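What's in protein.txt: compact mmCIF, C-alpha atoms and all ligand atoms
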# COMPACT_ATOMS: atom_id res chain seq x y z
CA MET A 1 0.00 0.00 0.00
CA ILE A 2 2.91 2.32 0.82
CA THR A 3 6.23 1.33 -0.68
CA LEU A 4 9.43 3.18 0.18
CA GLN A 5 12.56 2.31 -1.77
CA ASN A 6 16.07 3.51 -0.97
CA ILE A 7 14.77 6.59 0.79
CA GLU A 8 17.29 9.19 1.83
CA LYS A 9 16.45 12.55 3.43
CA VAL A 10 18.99 15.29 3.90
CA TYR A 11 18.11 18.55 5.66
CA ARG A 12 20.35 21.43 4.67
CA THR A 13 20.62 24.69 6.53
CA SER A 14 23.25 27.33 5.88
CA SER A 15 25.57 25.87 8.52
CA ILE A 16 24.76 22.18 8.79
CA GLU A 17 23.69 19.18 6.77
CA THR A 18 21.74 16.42 8.52
CA LEU A 19 21.22 12.97 7.06
CA ALA A 20 17.82 12.32 8.67
CA LEU A 21 17.08 9.09 6.77
CA ASN A 22 19.49 6.75 5.11
CA ASN A 23 18.56 3.95 2.70
CA ILE A 24 15.11 3.14 4.07
CA ASN A 25 13.18 0.28 2.44
CA ILE A 26 9.73 -0.42 3.81
CA ASN A 27 6.60 -1.95 2.37
CA ILE A 28 3.43 -1.31 4.36
CA ARG A 29 0.63 -3.70 3.51
CA LYS A 30 -3.08 -2.92 3.56
CA GLY A 31 -4.63 -3.44 6.99
CA GLU A 32 -1.37 -3.50 8.94
CA PHE A 33 -0.97 -1.73 12.29
CA VAL A 34 2.70 -0.76 12.37
CA SER A 35 4.63 1.01 15.09
CA ILE A 36 7.88 2.92 14.61
CA MET A 37 10.29 3.35 17.52
CA GLY A 38 13.71 4.86 18.03
CA PRO A 39 15.51 7.54 20.04
CA SER A 40 14.64 11.20 19.70
CA GLY A 41 16.07 12.70 16.50
CA CYS A 42 16.47 9.36 14.70
CA GLY A 43 14.11 10.34 11.86
CA LYS A 44 10.72 8.96 12.91
CA SER A 45 8.69 12.09 12.13
CA THR A 46 10.61 12.62 8.91
CA LEU A 47 9.73 9.07 7.86
CA LEU A 48 6.06 9.50 8.76
CA ASN A 49 5.87 12.80 6.87
CA ILE A 50 7.35 11.17 3.78
CA MET A 51 4.89 8.26 4.05
CA GLY A 52 2.07 10.79 4.38
CA LEU A 53 3.22 12.79 1.35
CA LEU A 54 3.77 15.87 3.51
CA ASP A 55 7.46 15.88 2.66
CA GLU A 56 9.59 14.59 -0.21
CA PRO A 57 12.66 12.41 0.12
CA SER A 58 16.01 13.71 -1.17
CA LYS A 59 16.54 10.37 -2.91
CA GLY A 60 14.56 7.20 -3.50
CA SER A 61 10.96 6.53 -4.40
CA VAL A 62 7.61 6.47 -2.67
CA ALA A 63 4.73 4.59 -4.23
CA ILE A 64 1.13 4.47 -3.07
CA ALA A 65 -0.66 1.32 -4.22
CA GLY A 66 2.08 0.80 -6.77
CA GLN A 67 1.84 4.23 -8.31
CA PRO A 68 5.00 6.32 -7.90
CA VAL A 69 4.15 9.52 -6.08
CA LYS A 70 6.41 11.43 -8.47
CA SER A 71 3.96 10.70 -11.26
CA TYR A 72 1.23 12.78 -9.63
CA ARG A 73 0.70 16.48 -10.26
CA ASP A 74 0.59 18.75 -7.21
CA LYS A 75 -3.18 18.97 -7.28
CA GLU A 76 -3.61 15.21 -7.56
CA LEU A 77 -1.19 14.75 -4.71
CA ALA A 78 -3.12 17.12 -2.49
CA ALA A 79 -6.33 15.27 -3.31
CA LEU A 80 -4.69 11.90 -2.61
CA ARG A 81 -3.44 13.16 0.74
CA ASN A 82 -6.80 14.67 1.64
CA GLN A 83 -8.84 11.60 0.70
CA LYS A 84 -6.65 8.67 1.58
CA ILE A 85 -4.59 9.76 4.55
CA GLY A 86 -5.50 10.96 8.05
CA PHE A 87 -2.90 12.49 10.41
CA ILE A 88 -2.78 12.53 14.19
CA PHE A 89 -0.10 14.50 16.06
CA GLN A 90 1.30 14.44 19.58
CA SER A 91 0.13 17.99 20.30
CA PHE A 92 -3.31 17.51 18.69
CA HIS A 93 -3.08 20.54 16.33
CA LEU A 94 -6.67 21.62 16.95
CA ILE A 95 -7.86 25.12 16.10
CA ASN A 96 -8.71 26.78 19.41
CA ASP A 97 -11.25 29.25 18.01
CA LEU A 98 -13.35 26.52 16.44
CA SER A 99 -15.80 24.22 18.19
CA VAL A 100 -15.15 20.48 18.32
CA LEU A 101 -17.62 19.94 15.50
CA ASP A 102 -16.05 22.64 13.31
CA ASN A 103 -12.57 21.23 13.90
CA VAL A 104 -13.70 17.80 12.77
CA GLU A 105 -15.34 19.16 9.62
CA ILE A 106 -12.14 20.84 8.38
CA PRO A 107 -10.85 18.10 6.05
CA LEU A 108 -14.25 17.98 4.34
CA LEU A 109 -14.08 21.65 3.37
CA TYR A 110 -11.63 20.72 0.62
CA ARG A 111 -13.92 18.13 -0.92
CA PRO A 112 -17.03 18.27 -3.00
CA ALA A 113 -20.13 17.44 -0.96
CA ASN A 114 -21.32 13.89 -1.57
CA GLY A 115 -24.94 13.66 -0.52
CA LYS A 116 -24.56 13.26 3.18
CA SER A 117 -23.81 16.61 4.77
CA ARG A 118 -20.45 17.54 6.24
CA LEU A 119 -22.22 17.93 9.53
CA ASP A 120 -23.48 14.34 9.47
CA HIS A 121 -20.02 13.01 8.63
CA ALA A 122 -18.49 15.03 11.47
CA LYS A 123 -21.12 13.83 13.96
CA GLU A 124 -20.53 10.25 12.90
CA ALA A 125 -16.77 10.58 13.39
CA LEU A 126 -17.30 12.08 16.85
CA GLU A 127 -19.59 9.18 17.74
CA LYS A 128 -16.84 6.73 16.80
CA VAL A 129 -14.48 8.34 19.30
CA GLY A 130 -17.18 8.64 21.97
CA LEU A 131 -17.42 12.43 21.95
CA SER A 132 -20.93 13.08 20.71
CA ASN A 133 -21.64 14.91 23.96
CA ARG A 134 -18.87 17.48 23.42
CA MET A 135 -19.62 18.76 19.93
CA LYS A 136 -20.25 22.37 20.95
CA HIS A 137 -17.27 22.55 23.28
CA PHE A 138 -14.05 24.35 22.42
CA PRO A 139 -10.64 22.68 22.65
CA ARG A 140 -9.68 24.59 25.85
CA GLN A 141 -12.66 23.02 27.60
CA LEU A 142 -11.40 19.48 26.97
CA SER A 143 -8.91 17.16 28.66
CA GLY A 144 -5.82 16.03 26.73
CA GLY A 145 -7.38 12.65 26.00
CA GLN A 146 -10.54 14.30 24.71
CA LYS A 147 -8.50 16.66 22.51
CA GLN A 148 -6.73 13.70 21.00
CA ARG A 149 -10.07 12.01 20.38
CA VAL A 150 -11.23 15.14 18.52
CA ALA A 151 -8.03 14.99 16.48
CA ILE A 152 -8.73 11.34 15.67
CA ALA A 153 -12.29 12.21 14.64
CA ARG A 154 -10.85 14.89 12.34
CA ALA A 155 -8.37 12.36 10.91
CA ILE A 156 -11.08 9.79 10.15
CA VAL A 157 -13.92 12.06 9.06
CA GLY A 158 -13.16 11.52 5.39
CA ASN A 159 -12.82 7.75 5.82
CA PRO A 160 -9.11 7.56 4.94
CA GLU A 161 -7.59 4.15 4.29
CA ILE A 162 -4.33 5.15 5.95
CA ILE A 163 -3.92 6.74 9.39
CA LEU A 164 -0.53 8.16 10.38
CA ALA A 165 -0.03 8.99 14.05
CA ASP A 166 3.07 10.75 15.36
CA GLU A 167 3.39 9.93 19.09
CA PRO A 168 -0.39 10.17 19.59
CA THR A 169 -0.14 9.18 23.27
CA GLY A 170 3.04 11.16 23.97
CA ASN A 171 1.27 13.98 25.85
CA LEU A 172 -1.21 11.77 27.69
CA ASP A 173 -1.18 9.85 30.96
CA SER A 174 -1.32 6.08 30.63
CA ALA A 175 -5.09 5.75 31.15
CA MET A 176 -5.80 8.29 28.40
CA GLY A 177 -3.07 6.75 26.27
CA ASN A 178 -4.72 3.36 26.55
CA GLU A 179 -8.05 4.88 25.56
CA ILE A 180 -6.48 6.36 22.43
CA MET A 181 -4.80 3.04 21.65
CA SER A 182 -8.08 1.15 21.83
CA ILE A 183 -9.69 3.64 19.44
CA LEU A 184 -6.81 3.11 17.00
CA GLN A 185 -7.15 -0.66 17.40
CA SER A 186 -10.84 -0.55 16.57
CA LEU A 187 -10.15 1.62 13.50
CA ASN A 188 -7.60 -0.98 12.43
CA ASP A 189 -10.14 -3.77 13.04
CA ASP A 190 -12.46 -1.87 10.72
CA GLY A 191 -9.81 -2.00 8.00
CA ALA A 192 -7.67 1.13 8.35
CA THR A 193 -3.94 0.77 7.78
CA ILE A 194 -2.22 2.49 10.72
CA ILE A 195 1.36 3.61 11.17
CA MET A 196 2.17 4.99 14.60
CA VAL A 197 5.36 6.51 15.97
CA THR A 198 5.71 5.87 19.69
CA HIS A 199 8.22 6.05 22.54
CA ASP A 200 6.20 3.60 24.55
CA GLU A 201 7.09 -0.12 24.26
CA SER A 202 3.75 -1.08 25.84
CA MET A 203 1.88 0.76 23.06
CA ALA A 204 4.12 -0.69 20.36
CA LYS A 205 3.42 -4.21 21.69
CA LYS A 206 -0.25 -3.75 20.88
CA THR A 207 0.51 -3.31 17.18
CA HIS A 208 1.29 -6.01 14.60
CA ARG A 209 4.69 -4.95 13.41
CA LEU A 210 7.53 -2.94 14.88
CA ILE A 211 10.03 -0.99 12.79
CA ARG A 212 13.05 0.37 14.65
CA LEU A 213 15.16 3.31 13.52
CA PHE A 214 18.50 4.46 14.80
CA ASP A 215 20.29 7.51 13.47
CA GLY A 216 18.24 7.56 10.30
CA THR A 217 18.82 3.89 9.60
CA GLN A 218 16.34 1.05 9.78
CA VAL A 219 17.71 -1.38 12.37
CA GLY A 220 14.72 -3.68 12.81
CA ASP A 221 11.44 -4.77 11.28
CA SER A 222 9.61 -7.59 13.03
CA LEU A 223 6.12 -8.98 13.23
CA LEU A 224 4.63 -9.06 16.71
CA GLN A 225 2.22 -11.35 18.57
CA GLY A 226 -0.98 -12.62 17.08
CA VAL A 227 0.20 -12.26 13.51
CA ALA A 228 1.07 -15.07 11.12
CA GLY A 229 4.85 -15.42 11.08
CA ALA A 230 5.17 -13.63 14.43
CA GLY A 231 8.69 -13.23 15.72
CA ARG A 232 10.18 -13.54 12.28
CA GLU A 233 13.34 -11.47 12.22
CA TRP A 234 14.03 -8.78 9.75
CA GLN A 235 15.79 -10.15 6.67
CA GLY A 236 16.20 -6.99 4.72
CA ALA A 237 13.49 -5.63 2.52
CA SER A 238 11.49 -7.99 0.39
CA MET A 239 9.92 -5.37 -1.76
CA PRO A 240 7.44 -5.96 -4.54
CA SER A 241 8.64 -4.24 -7.64
CA VAL A 242 6.70 -1.07 -8.23
CA GLN A 243 6.09 -2.00 -11.85
CA THR A 244 4.32 -5.27 -10.99
CA LEU A 245 1.66 -3.53 -8.90
CA PRO A 246 -1.57 -2.21 -10.41
CA SER A 247 -1.24 1.27 -11.83
CA THR A 248 -4.60 2.61 -10.63
CA PRO A 249 -4.27 4.30 -7.25
CA LYS A 250 -6.86 2.08 -5.57
CA LEU A 251 -5.33 1.92 -2.08
N1 LIG B 301 13.12 20.98 8.99
C1 LIG B 301 14.29 20.52 9.42
N2 LIG B 301 15.44 21.19 9.13
C2 LIG B 301 16.64 20.72 9.54
N3 LIG B 301 16.82 19.59 10.26
C3 LIG B 301 15.71 18.88 10.57
C4 LIG B 301 14.39 19.30 10.18
N4 LIG B 301 13.50 18.40 10.64
C5 LIG B 301 14.21 17.45 11.29
N5 LIG B 301 15.54 17.74 11.26
C6 LIG B 301 16.62 16.90 11.82
O1 LIG B 301 16.50 15.60 11.28
C7 LIG B 301 16.70 14.62 12.26
C8 LIG B 301 15.47 13.75 12.40
O2 LIG B 301 14.40 14.51 12.92
P1 LIG B 301 12.96 13.88 13.23
O3 LIG B 301 12.49 13.14 12.05
O4 LIG B 301 12.10 14.98 13.73
O5 LIG B 301 13.30 12.86 14.42
P2 LIG B 301 12.36 12.13 15.48
O6 LIG B 301 10.94 12.33 15.05
O7 LIG B 301 12.78 10.70 15.47
O8 LIG B 301 12.64 12.76 16.81
C9 LIG B 301 17.06 15.37 13.54
O9 LIG B 301 18.46 15.42 13.64
C10 LIG B 301 16.49 16.74 13.32
O10 LIG B 301 17.20 17.71 14.02
MG MG B 302 9.33 13.22 16.04
Could you write out this file's structure as structure tokens?
Amino acid sequence: MITLQNIEKVYRTSSIETLALNNININIRKGEFVSIMGPSGCGKSTLLNIMGLLDEPSKGSVAIAGQPVKSYRDKELAALRNQKIGFIFQSFHLINDLSVLDNVEIPLLYRPANGKSRLDHAKEALEKVGLSNRMKHFPRQLSGGQKQRVAIARAIVGNPEIILADEPTGNLDSAMGNEIMSILQSLNDDGATIIMVTHDESMAKKTHRLIRLFDGTQVGDSLLQGVAGAGREWQGASMPSVQTLPSTPKL
């Protein structure tokens, strides 16, 4: 579903050059729940942003459902990102002046209406995260866990097939973190492909596959409990060739 080949990312400022990612090869399959771990500064957010088409690699290729991202025009790319991918961040990124409901509707403002109203979609997403009773509240009136649930509702309101979460439980206590994890698990049970960066081994253990980074390099990729082939060690990338995958971007 997301195929990264030989990804390298270099950040250049006037005084320093940072190799944030070095020769990354990852194939994320449909329906997987993948966690990414590694020390601070090792490139986790950079990797997630590249997977989510928010940033471009310096070298290497990214393909979504077999279609190289480079082949899309800017507009198509924006549409792909808006329709297929939902983002969740550690610090929620809610708009403080907007109500919960208005925050959740935001991604739909960039899409043509499709019968059901934006309002109905937003209400439905808030129901899924158990926040129907807070629709008229403003972010400052919510706990951290509730803010993150609003952010999840916003991420899923357009029914994306891929959810990318960058340390979604990083600012939460463990009870709230567990709540967020069980929402992500149920979204995965419903078919979403989820990739989550975390510092928390106990959260990572609840996912199906753990990718480890160190200093911009991939140092591990293993399947976890409850998955066929669990415990299999990483044997380098076994990547499907981009050309053999279907060319229509059906994720
Ligand atoms: N916009 C940027 N400009 C310059 N350097 C950056 C930028 N973003 C990240 N970096 C550097 O790239 C490396 C990886 O960063 P990041 O992906 O944020 O790591 P992590 O999420 O694992 O903490 C770090 O050394 C960081 O300082
Ligand atoms: Mg980060």
Identify the residues within 12 Å of coordinate (-19.0, 10.5, 13.8) (same frame as the file), considering only C-alpha atoms, and give the answer as a PyMOL selection string. chain A and resi 100-101+104-105+117-135+149-150+152-159
Tell me which of A:Met203, A:Leu172, A:Ile194, A:Leu47 sits closest to ligand MG 302 (chain B), counting only C-alpha atoms and all ligand atoms.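 That would be A:Leu47, the residue with the smallest distance to ligand MG 302 (chain B).
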For ligand LIG 301 (chain B), collect every residue having any atom at a distance of at most 7 Å from a ligand atom (counting all atoms listed in the file); output as a list of chain:residue names. A:Tyr11, A:Arg12, A:Thr13, A:Thr18, A:Leu19, A:Ala20, A:Gly38, A:Pro39, A:Ser40, A:Gly41, A:Cys42, A:Gly43, A:Lys44, A:Ser45, A:Thr46, A:Leu47
Go ahead and compute the interatomic distance for CA of Val34 in chain A and CA of Lys147 in chain A, in Å to one decimal.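 A separation of 23.1 Å between them.
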Point out the residue among A:Ser35, A:Asn22, A:Ser143, A:Gln5 with the least atom-to-atom distance to Thr193 in chain A, counting only C-alpha atoms. A:Ser35
